[in-house]
>>> print(open('coords04.cif').read())   # mmCIF, C-alpha atoms
data_start
#
loop_
_atom_site.label_atom_id
_atom_site.label_comp_id
_atom_site.auth_asym_id
_atom_site.auth_seq_id
_atom_site.Cartn_x
_atom_site.Cartn_y
_atom_site.Cartn_z
CA ASN A 1 189.85 154.97 -233.99
CA THR A 2 190.51 151.29 -234.59
CA LYS A 3 193.55 150.69 -236.77
CA ASP A 4 193.06 147.32 -238.44
CA ILE A 5 194.57 147.15 -241.92
CA LEU A 6 197.23 149.32 -243.55
CA VAL A 7 197.53 148.86 -247.34
CA ILE A 8 200.78 150.24 -248.78
CA TYR A 9 201.06 150.63 -252.55
CA GLU A 10 202.63 152.60 -255.37
CA GLN A 11 200.74 154.39 -258.12
CA GLU A 12 200.33 151.57 -260.64
CA ALA A 13 198.70 149.40 -257.95
CA GLU A 14 196.15 152.01 -256.85
CA GLU A 15 193.17 150.12 -258.30
CA TRP A 16 194.24 146.99 -256.44
CA ALA A 17 194.39 149.03 -253.22
CA LEU A 18 190.83 150.29 -253.77
CA TYR A 19 189.67 146.76 -254.49
CA LEU A 20 191.24 145.45 -251.27
CA LYS A 21 189.57 148.18 -249.22
CA SER A 22 186.18 147.14 -250.63
CA LEU A 23 186.97 143.49 -250.00
CA PHE A 24 188.21 143.84 -246.42
CA GLY A 25 185.31 146.15 -245.62
CA HIS A 26 183.35 142.90 -245.12
CA ILE A 27 185.45 141.86 -242.10
CA VAL A 28 186.36 145.23 -240.51
CA ASN A 29 184.95 148.75 -240.57
CA LYS A 30 186.25 150.67 -243.58
CA GLU A 31 187.30 153.46 -241.20
CA GLY A 32 189.87 151.00 -239.85
CA ILE A 33 191.47 150.52 -243.28
CA LEU A 34 194.07 153.02 -244.52
CA LEU A 35 195.31 153.16 -248.11
CA TYR A 36 198.83 154.58 -248.06
CA SER A 37 200.65 155.62 -251.23
CA ILE A 38 204.40 155.67 -250.75
CA GLU A 39 204.69 158.21 -253.58
CA THR A 40 202.56 160.89 -251.90
CA SER A 41 203.51 160.29 -248.27
CA SER A 42 205.39 162.69 -246.03
CA PHE A 43 207.48 160.08 -244.14
CA LYS A 44 207.36 162.11 -240.92
CA GLN A 45 208.33 160.39 -237.68
CA GLN A 46 204.89 160.98 -236.17
CA GLU A 47 203.28 159.40 -239.22
CA LEU A 48 205.62 156.42 -238.95
CA PHE A 49 204.55 155.87 -235.34
CA SER A 50 200.88 155.99 -236.33
CA LEU A 51 201.25 153.54 -239.22
CA HIS A 52 203.23 151.08 -237.13
CA SER A 53 200.24 150.68 -234.79
CA TYR A 54 198.06 149.01 -237.45
CA LYS A 55 197.31 145.37 -236.66
CA CYS A 56 197.98 144.17 -240.22
CA LYS A 57 200.28 145.81 -242.76
CA LEU A 58 199.65 144.68 -246.32
CA LEU A 59 202.17 145.64 -248.99
CA ILE A 60 201.13 145.39 -252.64
CA LEU A 61 204.34 144.24 -254.29
CA SER A 62 203.84 145.36 -257.88
CA CYS A 63 206.42 145.46 -260.66
CA GLY A 64 206.96 149.19 -260.26
CA LEU A 65 207.45 149.23 -256.49
CA PRO A 66 211.21 148.46 -256.34
CA ASN A 67 211.87 151.07 -259.05
CA CYS A 68 210.26 153.90 -257.08
CA LEU A 69 212.23 153.29 -253.88
CA ASN A 70 214.87 155.76 -252.74
CA ARG A 71 216.80 155.84 -249.47
CA LYS A 72 214.03 157.64 -247.55
CA LYS A 73 211.25 155.36 -248.82
CA SER A 74 213.32 152.24 -248.18
CA TYR A 75 214.08 153.33 -244.62
CA PHE A 76 210.39 154.09 -244.10
CA LEU A 77 209.20 150.66 -245.33
CA GLU A 78 211.84 148.86 -243.26
CA ARG A 79 210.43 150.54 -240.14
CA VAL A 80 206.75 149.98 -240.95
CA LEU A 81 206.85 146.40 -242.27
CA LYS A 82 207.54 144.69 -238.96
CA PRO A 83 207.17 142.44 -237.11
CA PRO A 84 206.87 139.97 -240.03
CA ASP A 85 204.05 138.10 -238.25
CA ASN A 86 201.84 141.17 -238.85
CA VAL A 87 202.86 141.71 -242.49
CA VAL A 88 201.20 140.39 -245.65
CA ILE A 89 202.83 140.74 -249.08
CA LEU A 90 200.50 140.65 -252.08
CA LEU A 91 202.38 139.51 -255.18
CA CYS A 92 200.88 141.57 -257.98
CA GLY A 93 202.48 140.92 -261.35
CA VAL A 94 205.65 139.48 -259.79
CA GLU A 95 206.53 135.80 -259.33
CA ASN A 96 207.94 136.00 -255.81
CA SER A 97 209.04 138.41 -253.09
CA GLU A 98 212.80 138.15 -253.69
CA ILE A 99 212.93 141.55 -255.40
CA LEU A 100 211.58 143.08 -252.18
CA TYR A 101 214.16 141.42 -249.94
CA GLU A 102 216.91 142.43 -252.36
CA ALA A 103 215.81 146.07 -252.16
CA LEU A 104 215.05 146.26 -248.42
CA THR A 105 216.52 144.91 -245.20
CA LEU A 106 213.53 142.99 -243.83
CA ASP A 107 213.13 139.96 -241.62
CA ARG A 108 211.60 137.06 -243.51
CA GLY A 109 208.49 135.27 -242.32
CA SER A 110 205.78 137.57 -243.68
CA LYS A 111 202.71 135.89 -245.14
CA GLU A 112 202.36 136.01 -248.91
CA ILE A 113 199.30 136.00 -251.13
CA SER A 114 198.99 136.27 -254.89
CA SER A 115 196.70 138.27 -257.16
CA ASP A 116 195.63 134.91 -258.66
CA GLN A 117 194.26 133.54 -255.38
CA GLU A 118 190.64 133.40 -254.25
CA PRO A 119 189.15 136.24 -252.13
CA GLU A 120 188.48 133.72 -249.33
CA GLU A 121 192.23 133.18 -249.03
CA TYR A 122 192.77 136.93 -248.58
CA PHE A 123 190.12 136.91 -245.84
CA SER A 124 191.74 133.92 -244.16
CA VAL A 125 195.26 135.36 -244.05
CA VAL A 126 194.26 138.85 -242.90
CA THR A 127 191.70 137.65 -240.34
CA GLY A 128 194.35 135.37 -238.86
CA ILE A 129 196.43 138.47 -238.10
CA ILE A 130 193.82 140.95 -236.89
CA GLN A 131 191.76 138.33 -235.01
CA PRO A 132 194.32 135.73 -233.85
CA ASP A 133 191.85 134.17 -231.37
CA HIS A 134 189.26 133.57 -234.08
CA GLN A 135 188.04 129.96 -234.11
CA THR A 136 188.73 129.64 -237.82
CA SER A 137 190.89 131.72 -240.10
CA SER A 138 187.80 133.36 -241.56
CA ASP A 139 184.06 132.86 -241.48
CA VAL A 140 183.60 134.93 -244.62
CA ASN A 141 182.94 133.26 -247.96
CA LEU A 142 181.39 134.24 -251.24
CA SER A 143 177.93 133.00 -250.33
CA ASP A 144 177.98 135.04 -247.10
CA VAL A 145 178.92 138.36 -248.67
CA ARG A 146 177.54 138.12 -252.18
CA GLY A 147 176.59 141.43 -253.73
CA GLY A 148 173.52 143.26 -252.53
CA SER A 149 173.32 146.51 -254.47
CA GLU A 150 169.95 148.01 -255.20
CA LYS A 151 171.24 149.23 -258.55
CA THR A 152 173.34 146.28 -259.66
CA GLU A 153 172.19 142.94 -260.98
CA ILE A 154 174.51 140.26 -262.34
CA LEU A 155 173.30 138.45 -265.44
CA SER A 156 174.96 135.52 -267.15
CA GLU A 157 174.03 133.40 -270.12
CA THR A 158 175.50 130.30 -268.46
CA SER A 159 172.98 128.24 -266.54
CA GLU A 160 175.71 126.93 -264.22
CA THR A 161 176.29 130.40 -262.74
CA ASN A 162 174.04 131.12 -259.79
CA GLU A 163 173.70 133.95 -257.32
CA GLN A 164 175.85 132.32 -254.65
CA SER A 165 178.85 132.01 -256.95
CA ILE A 166 179.22 135.77 -257.44
CA LEU A 167 180.34 138.58 -255.16
CA VAL A 168 179.86 142.22 -256.17
CA LEU A 169 181.96 144.92 -254.51
CA PRO A 170 181.12 147.45 -253.26
CA GLY A 171 177.70 146.32 -252.05
CA ARG A 172 176.16 149.75 -252.66
CA ILE A 173 176.87 152.25 -255.44
CA SER A 174 176.64 156.00 -254.97
CA CYS A 175 174.59 157.76 -257.66
CA GLU A 176 176.68 160.93 -257.34
CA ASN A 177 180.06 159.20 -257.57
CA PRO A 178 179.57 155.61 -258.79
CA GLY A 179 183.25 154.71 -259.18
CA GLU A 180 184.28 151.18 -260.12
CA ILE A 181 182.66 147.87 -259.27
CA PHE A 182 184.38 144.50 -258.99
CA ILE A 183 182.78 141.15 -259.79
CA LEU A 184 184.40 138.17 -258.06
CA LEU A 185 183.56 134.79 -259.57
CA LYS A 186 183.82 131.51 -257.71
CA ASP A 187 184.29 129.63 -261.00
CA GLU A 188 185.78 130.75 -264.28
CA ILE A 189 183.29 131.54 -267.03
CA ASN A 190 183.65 132.69 -270.62
CA ASP A 191 184.08 136.48 -270.74
CA GLU A 192 181.63 136.66 -273.64
CA THR A 193 178.81 135.24 -271.50
CA LEU A 194 179.10 137.70 -268.60
CA GLU A 195 177.08 140.89 -268.75
CA ILE A 196 176.28 143.62 -266.24
CA GLU A 197 172.88 145.27 -266.40
CA PHE A 198 172.32 148.68 -264.80
CA ILE A 199 168.70 149.55 -264.07
CA ALA A 200 167.61 153.13 -263.34
CA ASP A 201 164.01 154.33 -263.63
CA ASN A 202 162.85 153.10 -267.05
CA GLN A 203 166.32 152.67 -268.49
CA ARG A 204 168.31 149.44 -268.75
CA ILE A 205 171.93 149.38 -269.89
CA ARG A 206 173.84 146.14 -270.51
CA THR A 207 177.59 146.03 -270.89
CA GLN A 208 180.50 143.62 -270.49
CA PRO A 209 183.14 144.11 -267.78
CA ALA A 210 186.90 144.03 -268.29
CA SER A 211 188.99 141.17 -266.91
CA TRP A 212 191.45 141.70 -264.07
CA THR A 213 192.13 138.01 -263.63
CA LYS A 214 190.19 134.95 -264.79
CA LYS A 215 187.94 135.22 -261.74
CA ILE A 216 187.91 138.98 -261.12
CA LYS A 217 186.10 141.36 -263.47
CA TYR A 218 185.78 145.11 -263.11
CA MET A 219 184.19 148.12 -264.74
CA LYS A 220 183.07 151.67 -264.06
CA ALA A 221 179.54 151.82 -262.72
CA LEU A 222 177.12 153.59 -265.05
#
>>> encode(input="coords04.cif", output="structure tokens")
Amino acid sequence: NTKDILVIYEQEAEEWALYLKSLFGHIVNKEGILLYSIETSSFKQQELFSLHSYKCKLLILSCGLPNCLNRKKSYFLERVLKPPDNVVILLCGVENSEILYEALTLDRGSKEISSDQEPEEYFSVVTGIIQPDHQTSSDVNLSDVRGGSEKTEILSETSETNEQSILVLPGRISCENPGEIFILLKDEINDETLEIEFIADNQRIRTQPASWTKKIKYMKAL
């Protein structure tokens, strides 16, 4: 199996990990993306060897990550998060990566992205690692991968918002296990003007999503 992207996270960042898997599923097969919780892992040597073979290792650096590290977890991360050219650090609720370098012995030089950045920037950084010979950092943008769910339709009261400025993830929603959906906006809009309408048979349900950031909304699919 192709091993493209390894996403390492701790419990409070689990929703971000799920979001990233949906997002990066547009540039690689989802089977090539592994979500790895450092709180439920076994830290076996064989597992370490397997994880090290992923092309891109993305660490979600959340506020709680340094607090959950012990000697075994620290040793494990120091072995997996190298070489730095293949590592991406997502700053999630922290200002910079200094707390990580204070807790672990890591070579500097990893790429850093922030939870406030645009999805295109995530695509660009990760694609540059897993496809280094790519002509551009990434050919993916919001207009290319905008949502295409048969059950989901984005409605907005603002006339400025059009279909190409919105990306819905995942593209399809399972009826048996709908899970969460994420709405990525190219431009900021007033939360009060954004509504999600679910259509099933003769029933229509409208509701407002919660805000993750100013340009990322999320909610449980109905």
>>> resolve_selection(input="coords04.cif", expression="the PyMOL selection byres ((chain A and resi 89-103) around 6)", output="list in words")
Leu58, Leu59, Ile60, Leu61, Ser62, Val88, Leu104, Glu112, Ile113, Ser114 and Ser115 of chain A
>>> atom_distance(input="coords04.cif", atom1="atom CA of A:Asn202", atom2="atom CA of A:Ile183")
24.3 Å
>>> residues_around(input="coords04.cif", residues="stretch 74-85 of chain A", least_positions_apart="6", cutoff="7 Å", atoms="all atoms listed in the file", output="PDB file with C-alpha atoms, in the frame of the given file")
ATOM      1  CA  PHE A  43     207.480 160.080-244.140  1.00  0.00           C
ATOM      2  CA  LEU A  48     205.620 156.420-238.950  1.00  0.00           C
ATOM      3  CA  LEU A  51     201.250 153.540-239.220  1.00  0.00           C
ATOM      4  CA  HIS A  52     203.230 151.080-237.130  1.00  0.00           C
ATOM      5  CA  LYS A  57     200.280 145.810-242.760  1.00  0.00           C
ATOM      6  CA  LEU A 104     215.050 146.260-248.420  1.00  0.00           C
ATOM      7  CA  THR A 105     216.520 144.910-245.200  1.00  0.00           C
ATOM      8  CA  LEU A 106     213.530 142.990-243.830  1.00  0.00           C
ATOM      9  CA  ASP A 107     213.130 139.960-241.620  1.00  0.00           C
ATOM     10  CA  ARG A 108     211.600 137.060-243.510  1.00  0.00           C
ATOM     11  CA  GLY A 109     208.490 135.270-242.320  1.00  0.00           C
ATOM     12  CA  SER A 110     205.780 137.570-243.680  1.00  0.00           C
TER      13      SER A 110
END
>>> atom_distance(input="coords04.cif", atom1="atom CA of A:Leu185", atom2="atom CA of A:Ile216")
6.2 Å
>>> closest_residue(input="coords04.cif", among="A:Glu10, A:Asp4, A:Glu188, A:Glu15", to="A:Lys220", atoms="only C-alpha atoms")
A:Glu15
>>> closest_residue(input="coords04.cif", among="A:Asn70, A:Thr2, A:Ser124, A:Gln203", to="A:Val28", atoms="only C-alpha atoms")
A:Thr2
>>> atom_distance(input="coords04.cif", atom1="atom CA of A:Lys72", atom2="atom CA of A:Thr40")
12.7 Å
>>> resolve_selection(input="coords04.cif", expression="the PyMOL selection byres ((chain A and resi 218) around 9)", output="list in words")
Glu180, Ile181, Phe182, Ile183, Leu184, Pro209, Ala210, Ser211, Trp212, Ile216, Lys217, Met219 and Lys220 of chain A
>>> write_last_selection(input="coords04.cif", atoms="C-alpha atoms", output="mmCIF file, keeping the file's coordinate frame")
data_model
loop_
_atom_site.group_PDB
_atom_site.id
_atom_site.type_symbol
_atom_site.label_atom_id
_atom_site.label_comp_id
_atom_site.auth_asym_id
_atom_site.auth_seq_id
_atom_site.Cartn_x
_atom_site.Cartn_y
_atom_site.Cartn_z
ATOM 1 C CA GLU A 180 184.280 151.180 -260.120
ATOM 2 C CA ILE A 181 182.660 147.870 -259.270
ATOM 3 C CA PHE A 182 184.380 144.500 -258.990
ATOM 4 C CA ILE A 183 182.780 141.150 -259.790
ATOM 5 C CA LEU A 184 184.400 138.170 -258.060
ATOM 6 C CA PRO A 209 183.140 144.110 -267.780
ATOM 7 C CA ALA A 210 186.900 144.030 -268.290
ATOM 8 C CA SER A 211 188.990 141.170 -266.910
ATOM 9 C CA TRP A 212 191.450 141.700 -264.070
ATOM 10 C CA ILE A 216 187.910 138.980 -261.120
ATOM 11 C CA LYS A 217 186.100 141.360 -263.470
ATOM 12 C CA MET A 219 184.190 148.120 -264.740
ATOM 13 C CA LYS A 220 183.070 151.670 -264.060
#
